[in-house]
$ cat run29.cif   # mmCIF, C-alpha atoms
data_structure
loop_
_atom_site.label_atom_id
_atom_site.label_comp_id
_atom_site.auth_asym_id
_atom_site.auth_seq_id
_atom_site.Cartn_x
_atom_site.Cartn_y
_atom_site.Cartn_z
CA MET A 1 100.98 145.42 136.49
CA ILE A 2 99.27 147.14 133.57
CA ALA A 3 97.59 144.83 131.06
CA ASN A 4 98.54 144.71 127.39
CA THR A 5 95.77 145.98 125.12
CA GLY A 6 97.19 145.22 121.66
CA LYS A 7 97.49 148.92 120.77
CA LEU A 8 101.12 148.48 119.71
CA ALA A 9 100.46 145.46 117.49
CA GLY A 10 102.31 145.76 114.17
CA ARG A 11 103.92 149.06 115.18
CA THR A 12 107.68 149.47 114.65
CA ILE A 13 109.61 150.68 117.69
CA PHE A 14 113.26 151.77 117.51
CA ILE A 15 114.87 151.48 120.96
CA THR A 16 118.44 152.54 121.76
CA GLY A 17 120.18 150.63 124.54
CA ALA A 18 117.65 147.80 124.28
CA SER A 19 119.98 144.90 125.02
CA ARG A 20 119.39 145.06 128.78
CA GLY A 21 117.78 146.96 131.65
CA ILE A 22 114.99 149.47 131.10
CA GLY A 23 115.39 149.39 127.33
CA LYS A 24 114.89 145.64 127.16
CA ALA A 25 111.95 145.78 129.59
CA LEU A 26 110.23 148.34 127.34
CA ALA A 27 110.90 146.12 124.32
CA LEU A 28 109.46 143.02 125.96
CA LYS A 29 106.31 144.88 127.04
CA ALA A 30 105.67 146.07 123.48
CA ALA A 31 106.53 142.63 122.10
CA LYS A 32 103.59 141.12 123.98
CA ASP A 33 101.35 143.22 121.71
CA GLY A 34 103.08 141.87 118.64
CA ALA A 35 105.21 144.97 117.92
CA ASN A 36 108.28 145.10 115.70
CA ILE A 37 111.34 146.01 117.79
CA VAL A 38 114.64 147.39 116.52
CA VAL A 39 117.21 146.44 119.18
CA ALA A 40 119.73 149.23 118.61
CA ALA A 41 122.69 148.82 120.95
CA LYS A 42 126.46 148.33 121.00
CA THR A 43 126.67 144.95 122.73
CA ALA A 44 127.07 142.16 120.20
CA GLU A 45 129.19 139.98 122.49
CA ALA A 46 128.53 139.26 126.16
CA HIS A 47 130.09 141.69 128.64
CA PRO A 48 131.75 140.06 131.68
CA LYS A 49 129.81 142.23 134.16
CA LEU A 50 126.74 143.32 132.15
CA PRO A 51 124.70 140.37 130.88
CA GLY A 52 122.78 140.51 127.61
CA THR A 53 123.47 141.26 123.95
CA ILE A 54 121.35 142.53 121.07
CA TYR A 55 120.93 138.91 119.98
CA THR A 56 119.81 137.52 123.34
CA ALA A 57 117.38 140.45 123.67
CA ALA A 58 116.01 139.77 120.18
CA LYS A 59 115.43 136.14 121.07
CA GLU A 60 113.46 137.15 124.19
CA ILE A 61 111.43 139.66 122.17
CA GLU A 62 110.43 137.02 119.63
CA SER A 63 109.59 134.57 122.41
CA ALA A 64 107.29 137.22 123.89
CA GLY A 65 105.38 137.55 120.61
CA GLY A 66 107.14 140.35 118.78
CA LYS A 67 109.44 140.61 115.78
CA ALA A 68 113.01 141.76 116.30
CA LEU A 69 115.80 143.33 114.31
CA PRO A 70 119.06 143.26 116.31
CA TYR A 71 121.46 145.91 114.98
CA VAL A 72 124.84 147.00 116.31
CA VAL A 73 124.55 150.77 116.79
CA ASP A 74 126.85 153.38 118.30
CA VAL A 75 124.63 156.43 118.82
CA ARG A 76 127.74 158.64 118.66
CA ASP A 77 128.33 157.64 115.04
CA GLU A 78 126.01 159.20 112.44
CA ALA A 79 126.76 156.55 109.81
CA SER A 80 125.98 153.76 112.27
CA VAL A 81 122.65 155.32 113.25
CA ALA A 82 121.71 156.06 109.63
CA ALA A 83 122.42 152.46 108.59
CA SER A 84 120.26 151.08 111.41
CA VAL A 85 117.37 153.39 110.56
CA ASP A 86 117.57 152.36 106.91
CA ALA A 87 117.63 148.67 107.90
CA ALA A 88 114.57 149.16 110.12
CA VAL A 89 112.60 150.83 107.35
CA GLN A 90 113.64 148.19 104.84
CA GLN A 91 112.62 145.30 107.11
CA PHE A 92 109.47 146.71 108.71
CA GLY A 93 108.34 149.39 106.25
CA GLY A 94 108.75 152.40 108.54
CA ILE A 95 109.23 153.60 112.14
CA ASP A 96 106.31 154.56 114.38
CA ILE A 97 107.99 155.01 117.78
CA LEU A 98 111.46 155.98 118.98
CA ILE A 99 112.64 155.36 122.53
CA ASN A 100 115.88 157.17 123.40
CA ASN A 101 117.10 155.03 126.27
CA ALA A 102 120.88 154.79 125.68
CA SER A 103 122.78 156.73 128.32
CA ALA A 104 126.19 157.05 129.98
CA ILE A 105 126.79 158.04 133.58
CA SER A 106 129.69 159.21 135.75
CA LEU A 107 128.63 160.63 139.11
CA THR A 108 131.77 162.67 139.64
CA GLY A 109 132.52 166.29 140.44
CA THR A 110 134.29 168.77 138.20
CA LEU A 111 137.84 167.94 139.33
CA GLU A 112 137.21 164.19 139.20
CA THR A 113 135.60 164.09 135.74
CA SER A 114 138.04 163.56 132.89
CA MET A 115 137.24 165.17 129.56
CA LYS A 116 137.01 161.67 128.11
CA LYS A 117 134.14 160.89 130.50
CA TYR A 118 132.60 164.31 129.87
CA ASP A 119 132.65 163.76 126.10
CA LEU A 120 131.28 160.22 126.42
CA MET A 121 128.25 161.38 128.43
CA HIS A 122 127.48 164.30 126.15
CA GLN A 123 128.00 162.31 122.95
CA ILE A 124 125.71 159.49 124.06
CA ASN A 125 123.10 161.29 126.14
CA THR A 126 122.55 164.65 124.46
CA ARG A 127 124.09 164.30 120.99
CA GLY A 128 123.00 160.69 120.60
CA THR A 129 119.39 161.49 121.49
CA TYR A 130 119.37 164.45 119.10
CA LEU A 131 120.98 162.44 116.28
CA VAL A 132 118.72 159.39 116.52
CA SER A 133 115.65 161.62 116.78
CA LYS A 134 116.75 163.65 113.73
CA LEU A 135 117.23 160.54 111.58
CA CYS A 136 114.04 158.80 112.73
CA LEU A 137 111.78 161.84 112.41
CA PRO A 138 111.29 161.71 108.61
CA HIS A 139 109.80 158.24 109.13
CA LEU A 140 107.94 159.13 112.33
CA LEU A 141 106.19 161.93 110.44
CA LYS A 142 104.67 159.21 108.24
CA GLY A 143 104.09 156.78 111.13
CA GLN A 144 100.98 155.60 112.92
CA ASN A 145 100.37 157.54 116.17
CA PRO A 146 104.08 158.51 116.25
CA HIS A 147 105.90 158.98 119.54
CA ILE A 148 109.38 159.84 120.77
CA LEU A 149 109.99 158.85 124.39
CA ASN A 150 113.22 159.94 126.10
CA ILE A 151 114.28 158.26 129.33
CA SER A 152 115.29 161.50 130.99
CA PRO A 153 114.33 163.58 134.04
CA PRO A 154 112.25 166.69 134.56
CA LEU A 155 114.31 169.88 134.30
CA ASN A 156 114.79 170.55 138.02
CA MET A 157 117.09 173.58 138.26
CA LYS A 158 117.88 173.38 141.97
CA PRO A 159 121.67 173.67 142.51
CA ARG A 160 121.86 170.36 144.41
CA TRP A 161 121.32 168.47 141.15
CA PHE A 162 124.36 170.15 139.59
CA LYS A 163 126.94 170.61 142.34
CA ASP A 164 128.14 167.00 142.73
CA HIS A 165 127.94 165.76 139.13
CA VAL A 166 127.50 168.74 136.82
CA ALA A 167 128.82 166.94 133.71
CA TYR A 168 126.26 164.14 134.05
CA THR A 169 123.43 166.54 134.86
CA MET A 170 124.13 168.69 131.80
CA ALA A 171 124.26 165.60 129.58
CA LYS A 172 121.06 164.13 130.99
CA TYR A 173 119.24 167.46 130.91
CA GLY A 174 120.24 167.73 127.25
CA MET A 175 117.95 164.77 126.58
CA SER A 176 115.16 166.57 128.44
CA MET A 177 115.73 169.78 126.51
CA CYS A 178 115.20 167.78 123.32
CA VAL A 179 111.75 166.92 124.71
CA LEU A 180 111.00 170.53 125.55
CA ALA A 181 111.98 171.73 122.08
CA MET A 182 110.89 168.91 119.77
CA ALA A 183 107.47 168.59 121.38
CA GLU A 184 106.70 172.14 120.28
CA GLU A 185 108.53 171.85 116.96
CA PHE A 186 106.51 168.81 115.85
CA ARG A 187 103.26 169.39 117.76
CA ASP A 188 101.33 170.51 114.67
CA GLN A 189 102.56 167.47 112.69
CA GLY A 190 101.23 165.10 115.35
CA VAL A 191 104.51 163.62 116.61
CA ALA A 192 104.42 163.29 120.41
CA VAL A 193 107.67 163.89 122.31
CA ASN A 194 107.66 163.05 126.03
CA ALA A 195 110.08 162.13 128.81
CA LEU A 196 109.78 159.33 131.37
CA TRP A 197 111.75 159.10 134.62
CA PRO A 198 111.51 156.72 137.60
CA ARG A 199 110.37 157.83 141.04
CA THR A 200 112.85 155.44 142.65
CA ALA A 201 116.09 153.76 141.75
CA ILE A 202 115.57 150.96 139.21
CA HIS A 203 117.43 147.68 139.61
CA THR A 204 119.59 146.95 136.59
CA ALA A 205 123.05 145.44 136.08
CA ALA A 206 124.40 148.98 135.79
CA MET A 207 122.85 149.86 139.17
CA ASP A 208 124.60 146.84 140.71
CA MET A 209 127.91 148.18 139.42
CA LEU A 210 127.18 151.66 140.80
CA GLY A 211 125.59 150.72 144.11
CA GLY A 212 127.25 147.42 144.95
CA ALA A 213 125.89 144.56 147.01
CA GLY A 214 122.51 145.11 148.67
CA ILE A 215 121.35 147.96 146.44
CA ALA A 216 118.67 145.84 144.74
CA SER A 217 116.48 145.68 147.85
CA LYS A 218 116.04 149.48 147.72
CA CYS A 219 115.02 149.51 144.04
CA ARG A 220 112.00 148.84 141.87
CA LYS A 221 112.12 146.49 138.88
CA PRO A 222 112.50 147.79 135.30
CA GLU A 223 108.97 146.56 134.62
CA ILE A 224 107.49 149.67 136.26
CA MET A 225 109.18 151.80 133.59
CA ALA A 226 108.03 149.37 130.91
CA ASP A 227 104.40 149.58 132.04
CA ALA A 228 104.51 153.38 132.30
CA GLY A 229 106.18 153.66 128.90
CA TYR A 230 103.56 151.36 127.37
CA ALA A 231 100.78 153.56 128.77
CA ILE A 232 102.37 156.72 127.31
CA LEU A 233 102.97 155.17 123.89
CA SER A 234 99.34 154.01 123.77
CA ARG A 235 98.04 157.56 124.14
CA ASP A 236 97.06 159.89 121.30
CA SER A 237 100.21 161.52 119.93
CA LYS A 238 98.27 164.62 118.88
CA THR A 239 97.09 165.43 122.39
CA PHE A 240 99.68 163.93 124.77
CA THR A 241 103.03 165.62 124.11
CA GLY A 242 105.59 167.80 125.89
CA ASN A 243 105.19 166.00 129.22
CA PHE A 244 107.83 165.07 131.79
CA CYS A 245 106.30 161.95 133.27
CA ILE A 246 107.15 160.03 136.47
CA ASP A 247 106.55 156.28 136.24
CA ASP A 248 104.18 155.72 139.15
CA ASP A 249 102.22 158.91 138.40
CA VAL A 250 101.50 157.56 134.91
CA LEU A 251 100.35 154.24 136.35
CA LYS A 252 98.12 155.94 138.91
CA GLU A 253 96.39 157.68 136.00
CA GLU A 254 95.86 154.20 134.52
CA GLY A 255 94.19 152.98 137.73
CA ILE A 256 97.14 151.19 139.36
CA THR A 257 97.14 151.64 143.14
CA ASP A 258 99.32 148.78 144.43
CA PHE A 259 103.01 149.13 143.55
CA ASN A 260 104.40 146.34 145.74
CA SER A 261 104.70 144.00 142.75
CA TYR A 262 107.23 146.39 141.22
CA ALA A 263 109.49 146.45 144.29
CA CYS A 264 112.47 144.10 144.42
CA ASP A 265 111.78 143.77 148.15
CA PRO A 266 108.38 145.15 149.23
CA LYS A 267 109.51 145.22 152.88
CA GLU A 268 112.41 147.61 152.21
CA GLU A 269 112.24 151.41 151.98
CA LEU A 270 112.83 152.56 148.40
CA MET A 271 115.65 154.88 147.39
CA PRO A 272 114.44 158.00 145.53
CA ASP A 273 116.03 158.61 142.14
CA PHE A 274 118.05 161.68 141.18
CA PHE A 275 116.52 164.98 140.05
CA LEU A 276 113.33 164.63 142.11
CA ASP A 277 112.51 166.50 145.29
CA ALA A 278 111.53 163.31 147.10
CA PHE A 279 114.86 163.59 148.89
CA ASP A 280 113.43 166.51 150.87
CA GLU A 281 110.55 164.31 152.00
CA ALA A 282 112.90 161.43 152.82
CA VAL A 283 114.72 163.46 155.46
CA ALA A 284 111.75 165.44 156.80
CA GLN A 285 110.97 162.85 159.46
CA SER A 286 114.51 162.86 160.79
CA VAL A 287 114.39 166.66 161.08
CA LEU A 288 111.13 166.47 163.05
CA GLU A 289 112.61 163.84 165.36
CA LYS A 290 115.52 166.11 166.11
CA LYS A 291 113.23 169.04 167.00
CA ASN A 292 111.08 166.87 169.25
CA LYS A 293 113.88 165.32 171.32
CA PRO A 294 113.57 165.93 175.07
CA ALA A 295 115.92 168.52 176.61
CA ALA A 296 117.66 165.83 178.66
CA VAL A 297 118.56 163.91 175.52
CA LYS A 298 119.85 167.06 173.83
CA ALA A 299 121.98 167.82 176.88
CA GLU A 300 123.45 164.33 176.82
CA GLU A 301 124.31 164.68 173.14
CA ALA A 302 125.96 168.06 173.79
CA ALA A 303 128.01 166.49 176.59
CA GLY A 304 129.74 164.23 174.08
CA ALA A 305 127.74 161.03 173.90
CA GLU A 306 128.03 161.21 170.11
CA ALA A 307 131.81 161.00 170.23
CA GLN A 308 131.65 157.79 172.24
CA GLU A 309 129.05 156.30 169.90
CA ILE A 310 131.09 157.17 166.82
CA ALA A 311 134.16 155.43 168.23
CA LYS A 312 132.04 152.39 169.12
CA ILE A 313 130.57 152.16 165.62
CA PHE A 314 133.96 152.33 163.92
CA GLY A 315 135.31 149.79 166.36
CA ASN A 316 132.55 147.35 165.47
CA LEU A 317 132.91 147.94 161.74
CA GLN A 318 136.18 146.03 161.58
CA SER A 319 134.40 142.77 162.40
CA VAL A 320 132.17 142.96 159.30
CA ILE A 321 134.86 143.82 156.76
CA THR A 322 135.70 140.76 154.68
CA PRO A 323 137.84 140.20 151.58
CA GLU A 324 134.59 139.84 149.61
CA VAL A 325 133.40 143.28 150.75
CA VAL A 326 136.77 144.80 149.84
CA GLU A 327 136.73 143.16 146.41
CA LYS A 328 133.20 144.40 145.61
CA THR A 329 133.72 147.94 146.91
CA LYS A 330 137.27 148.99 145.96
CA ALA A 331 137.08 152.37 147.69
CA ILE A 332 138.55 154.29 150.61
CA TYR A 333 136.19 156.50 152.62
CA ALA A 334 137.14 159.38 154.92
CA PHE A 335 134.72 160.81 157.49
CA HIS A 336 134.97 164.26 159.06
CA VAL A 337 132.40 164.16 161.87
CA THR A 338 131.65 167.32 163.86
CA VAL A 339 130.92 166.74 167.54
CA PRO A 340 129.04 169.45 169.54
CA GLY A 341 131.49 171.55 171.52
CA GLY A 342 134.54 169.96 169.90
CA GLU A 343 136.60 169.75 166.76
CA ALA A 344 135.89 167.47 163.85
CA SER A 345 136.65 163.83 164.49
CA ARG A 346 138.40 162.13 161.55
CA TRP A 347 137.93 158.46 160.68
CA TRP A 348 138.46 156.23 157.67
CA ILE A 349 137.20 152.97 156.20
CA ASN A 350 139.52 151.20 153.76
CA LEU A 351 137.56 148.85 151.50
CA LYS A 352 140.14 148.94 148.74
CA GLU A 353 143.51 147.68 149.91
CA GLY A 354 144.59 144.35 151.38
CA SER A 355 141.99 142.88 153.71
CA GLY A 356 140.50 146.31 154.50
CA GLY A 357 140.29 148.14 157.78
CA VAL A 358 139.07 151.14 159.78
CA GLY A 359 140.82 153.67 161.93
CA GLU A 360 140.92 157.13 163.45
CA GLY A 361 142.71 159.97 161.68
CA SER A 362 143.41 160.20 157.97
CA PRO A 363 143.79 157.17 155.68
CA SER A 364 147.32 156.27 154.54
CA SER A 365 146.19 156.32 150.89
CA PRO A 366 144.08 159.08 149.31
CA ALA A 367 140.34 158.74 149.97
CA ASP A 368 138.05 158.13 147.01
CA VAL A 369 135.19 159.78 148.90
CA THR A 370 135.23 162.21 151.83
CA PHE A 371 132.07 162.77 153.89
CA THR A 372 131.64 165.84 156.11
CA LEU A 373 128.72 165.69 158.54
CA ASN A 374 127.70 166.20 162.14
CA ALA A 375 127.47 163.47 164.76
CA ASP A 376 123.67 163.39 164.78
CA ILE A 377 123.50 162.68 161.03
CA PHE A 378 126.29 160.11 161.37
CA GLY A 379 124.27 158.24 163.97
CA LYS A 380 121.18 158.23 161.78
CA LEU A 381 123.17 156.86 158.84
CA PHE A 382 124.54 153.87 160.71
CA SER A 383 121.28 153.17 162.53
CA GLY A 384 119.48 152.94 159.19
CA ASN A 385 117.23 155.98 159.80
CA LEU A 386 118.76 158.04 156.99
CA LYS A 387 120.23 156.99 153.65
CA PRO A 388 123.61 158.45 152.61
CA THR A 389 122.19 159.57 149.27
CA ALA A 390 119.30 161.37 150.95
CA ALA A 391 121.70 163.03 153.42
CA VAL A 392 123.85 164.36 150.57
CA MET A 393 120.98 165.53 148.40
CA SER A 394 119.29 167.32 151.30
CA GLY A 395 122.50 169.12 152.29
CA LYS A 396 122.77 167.29 155.64
CA MET A 397 126.08 165.77 154.57
CA LYS A 398 128.74 167.09 152.21
CA LEU A 399 130.46 164.73 149.80
CA LYS A 400 133.70 165.16 147.88
CA GLY A 401 134.84 162.56 145.38
CA ASP A 402 133.29 159.73 143.38
CA ILE A 403 129.52 159.55 143.96
CA GLY A 404 129.40 156.12 142.33
CA LYS A 405 131.71 154.77 145.03
CA ALA A 406 129.70 156.62 147.66
CA MET A 407 126.60 154.73 146.47
CA LYS A 408 128.46 151.46 147.02
CA LEU A 409 128.76 152.34 150.69
CA GLU A 410 124.99 152.86 150.76
CA GLY A 411 124.50 149.43 149.27
CA LEU A 412 126.60 147.94 152.06
CA MET A 413 124.92 149.92 154.84
CA GLY A 414 122.09 147.42 155.36
CA LYS A 415 124.57 144.60 155.75
CA LEU A 416 126.77 146.60 158.09
CA LYS A 417 124.04 147.96 160.36
CA SER A 418 122.57 144.50 160.96
CA LYS A 419 125.81 143.44 162.64
CA LEU A 420 126.54 146.60 164.63
#
$ encode --input "run29.cif" --output "structure tokens"
Amino acid sequence: MIANTGKLAGRTIFITGASRGIGKALALKAAKDGANIVVAAKTAEAHPKLPGTIYTAAKEIESAGGKALPYVVDVRDEASVAASVDAAVQQFGGIDILINNASAISLTGTLETSMKKYDLMHQINTRGTYLVSKLCLPHLLKGQNPHILNISPPLNMKPRWFKDHVAYTMAKYGMSMCVLAMAEEFRDQGVAVNALWPRTAIHTAAMDMLGGAGIASKCRKPEIMADAGYAILSRDSKTFTGNFCIDDDVLKEEGITDFNSYACDPKEELMPDFFLDAFDEAVAQSVLEKKNKPAAVKAEEAAGAEAQEIAKIFGNLQSVITPEVVEKTKAIYAFHVTVPGGEASRWWINLKEGSGGVGEGSPSSPADVTFTLNADIFGKLFSGNLKPTAAVMSGKMKLKGDIGKAMKLEGLMGKLKSKL
């Protein structure tokens, strides 16, 4: 963990989406210095599935040593943002730092993304970031060591980051384009504009909803983003701007070498986050293993051993499907598995209806997610040697449907494989 230095003492930090998750972690880190935090978020009353409100966050901030102004803000609404900025200036005398953390996500393809979801993501992610930045900038220009920090990814233009969730990618990249542009626009006036993105998945309540049970063990804690953000905001705004930072790279520059304390489970392999090429590295070992297999093993696979193994795995899956798993997952999965020398084998897992089930052929109800892959990749998935997300992002497996529900299957994989 990076130590607090007091550099943010008395500084006023406006944070969108600060009632929980990464936003709250950033607020609490700054609060330990004695910073003033504007908790700008929509949640005034507790959500049944997402704990935390602007008021509970404010209480934690003040307990940590900071001062807090909880303010109900919808970043889509200009009047709401303007009122919160005015309130911040009135209470604290100005704004020194803005953290654009509020974001909406729907990991769905073009045909599965409603225009309502499309508009929500673009209004919150891109337009919201632009709007809050625009209204805070007159005060940042008068601030002490002023920074804007967007929680957004590097602009990786490889097609894989667009093909499965283009609406989300465009909206998230809009936040990053604000960094690219505003860093240059305000460089001479001394306002730093940078982006910060995690190397791995970060465990938050939202991640639990996306990934389902078991996903936490493959994530790091929000505190790694808080420590990296703190390091960035402590740097000279006149010289450190226009950067697309990755959390653990920032901490390495600060002398941190042991990252186990940030892992939810240090014994588990971490899941790489979107928009980074770590997915290529994650599957490299499995590719090498395939090339190095003895000829006898390859011959056995070609003879159809995969088909028998696939049937065995699906047969065993039924014993681990419980009403609790069905309730948490609420999805139907179809698998089209290509076997060497034969046609595609079709299977399904129903974790949505009744008590759940598995079977050969096509599901009786439409699948929420369809996976197309070969038998070798299928075996690696269920043996735990390859993550579904890594398989999709590397092109080893094709996915059609709701990526959020696909991630829930990944969260269950550890539980399933231990009983197969």
$ residues_near_point --input "run29.cif" --point "(138.3, 143.8, 148.5)" --cutoff "10 Å" --atoms "all atoms listed in the file" --output "CSV table (one decimal) with C-alpha atoms, keeping the file's coordinate frame"
chain,number,residue,atom,x,y,z
A,321,ILE,CA,134.9,143.8,156.8
A,322,THR,CA,135.7,140.8,154.7
A,323,PRO,CA,137.8,140.2,151.6
A,324,GLU,CA,134.6,139.8,149.6
A,325,VAL,CA,133.4,143.3,150.8
A,326,VAL,CA,136.8,144.8,149.8
A,327,GLU,CA,136.7,143.2,146.4
A,328,LYS,CA,133.2,144.4,145.6
A,329,THR,CA,133.7,147.9,146.9
A,330,LYS,CA,137.3,149.0,146.0
A,331,ALA,CA,137.1,152.4,147.7
A,350,ASN,CA,139.5,151.2,153.8
A,351,LEU,CA,137.6,148.8,151.5
A,352,LYS,CA,140.1,148.9,148.7
A,353,GLU,CA,143.5,147.7,149.9
A,354,GLY,CA,144.6,144.4,151.4
A,355,SER,CA,142.0,142.9,153.7
A,356,GLY,CA,140.5,146.3,154.5
$ resolve_selection --input "run29.cif" --expression "the PyMOL selection byres ((chain A and resi 57) around 10)" --output "MDAnalysis selection string"
chainID A and resid 18:20 23:25 27:28 39 52:56 58:63 68:70
$ closest_residue --input "run29.cif" --among "A:Leu137, A:Val369, A:Leu251, A:Ala104" --to "Phe186 of chain A" --atoms "all atoms listed in the file"
A:Leu137
$ atom_distance --input "run29.cif" --atom1 "atom CA of Ser383 of chain A" --atom2 "atom CA of Pro159 of chain A"
28.7 Å
$ residues_around --input "run29.cif" --residues "Phe314 of chain A" --least-positions-apart "4" --cutoff "12 Å" --atoms "all atoms listed in the file" --output "PyMOL selection string"
chain A and resi 307-310+318-321+334-335+345-350+357-361+378-379+382+416-417+420
$ write_last_selection --input "run29.cif" --atoms "C-alpha atoms" --output "CSV table (one decimal), keeping the file's coordinate frame"
chain,number,residue,atom,x,y,z
A,307,ALA,CA,131.8,161.0,170.2
A,308,GLN,CA,131.6,157.8,172.2
A,309,GLU,CA,129.0,156.3,169.9
A,310,ILE,CA,131.1,157.2,166.8
A,318,GLN,CA,136.2,146.0,161.6
A,319,SER,CA,134.4,142.8,162.4
A,320,VAL,CA,132.2,143.0,159.3
A,321,ILE,CA,134.9,143.8,156.8
A,334,ALA,CA,137.1,159.4,154.9
A,335,PHE,CA,134.7,160.8,157.5
A,345,SER,CA,136.6,163.8,164.5
A,346,ARG,CA,138.4,162.1,161.6
A,347,TRP,CA,137.9,158.5,160.7
A,348,TRP,CA,138.5,156.2,157.7
A,349,ILE,CA,137.2,153.0,156.2
A,350,ASN,CA,139.5,151.2,153.8
A,357,GLY,CA,140.3,148.1,157.8
A,358,VAL,CA,139.1,151.1,159.8
A,359,GLY,CA,140.8,153.7,161.9
A,360,GLU,CA,140.9,157.1,163.4
A,361,GLY,CA,142.7,160.0,161.7
A,378,PHE,CA,126.3,160.1,161.4
A,379,GLY,CA,124.3,158.2,164.0
A,382,PHE,CA,124.5,153.9,160.7
A,416,LEU,CA,126.8,146.6,158.1
A,417,LYS,CA,124.0,148.0,160.4
A,420,LEU,CA,126.5,146.6,164.6
$ closest_residue --input "run29.cif" --among "A:Ile224, A:Ser133, A:Glu184, A:Ile105" --to "Thr169 of chain A" --atoms "all atoms listed in the file"
A:Ile105
$ resolve_selection --input "run29.cif" --expression "the PyMOL selection byres ((chain A and resi 168) around 7)" --output "NGL selection string"
:A and (105-107 or 121 or 165-167 or 169-172)
$ residues_around --input "run29.cif" --residues "segment 143-149 of chain A" --least-positions-apart "3" --cutoff "8 Å" --atoms "only C-alpha atoms" --output "PDB file with C-alpha atoms, in the coordinates of the input"
ATOM      1  CA  ARG A  11     103.920 149.060 115.180  1.00  0.00           C
ATOM      2  CA  GLY A  94     108.750 152.400 108.540  1.00  0.00           C
ATOM      3  CA  ILE A  95     109.230 153.600 112.140  1.00  0.00           C
ATOM      4  CA  ASP A  96     106.310 154.560 114.380  1.00  0.00           C
ATOM      5  CA  ILE A  97     107.990 155.010 117.780  1.00  0.00           C
ATOM      6  CA  LEU A  98     111.460 155.980 118.980  1.00  0.00           C
ATOM      7  CA  ILE A  99     112.640 155.360 122.530  1.00  0.00           C
ATOM      8  CA  ASN A 100     115.880 157.170 123.400  1.00  0.00           C
ATOM      9  CA  SER A 133     115.650 161.620 116.780  1.00  0.00           C
ATOM     10  CA  HIS A 139     109.800 158.240 109.130  1.00  0.00           C
ATOM     11  CA  LEU A 140     107.940 159.130 112.330  1.00  0.00           C
ATOM     12  CA  GLY A 190     101.230 165.100 115.350  1.00  0.00           C
ATOM     13  CA  VAL A 191     104.510 163.620 116.610  1.00  0.00           C
ATOM     14  CA  ALA A 192     104.420 163.290 120.410  1.00  0.00           C
ATOM     15  CA  VAL A 193     107.670 163.890 122.310  1.00  0.00           C
ATOM     16  CA  ASN A 194     107.660 163.050 126.030  1.00  0.00           C
ATOM     17  CA  ALA A 195     110.080 162.130 128.810  1.00  0.00           C
ATOM     18  CA  LEU A 196     109.780 159.330 131.370  1.00  0.00           C
ATOM     19  CA  GLY A 229     106.180 153.660 128.900  1.00  0.00           C
ATOM     20  CA  LEU A 233     102.970 155.170 123.890  1.00  0.00           C
ATOM     21  CA  ASP A 236      97.060 159.890 121.300  1.00  0.00           C
ATOM     22  CA  SER A 237     100.210 161.520 119.930  1.00  0.00           C
ATOM     23  CA  LYS A 238      98.270 164.620 118.880  1.00  0.00           C
TER      24      LYS A 238
END
$ atom_distance --input "run29.cif" --atom1 "atom CA of Val72 of chain A" --atom2 "atom CA of Thr43 of chain A"
7.0 Å
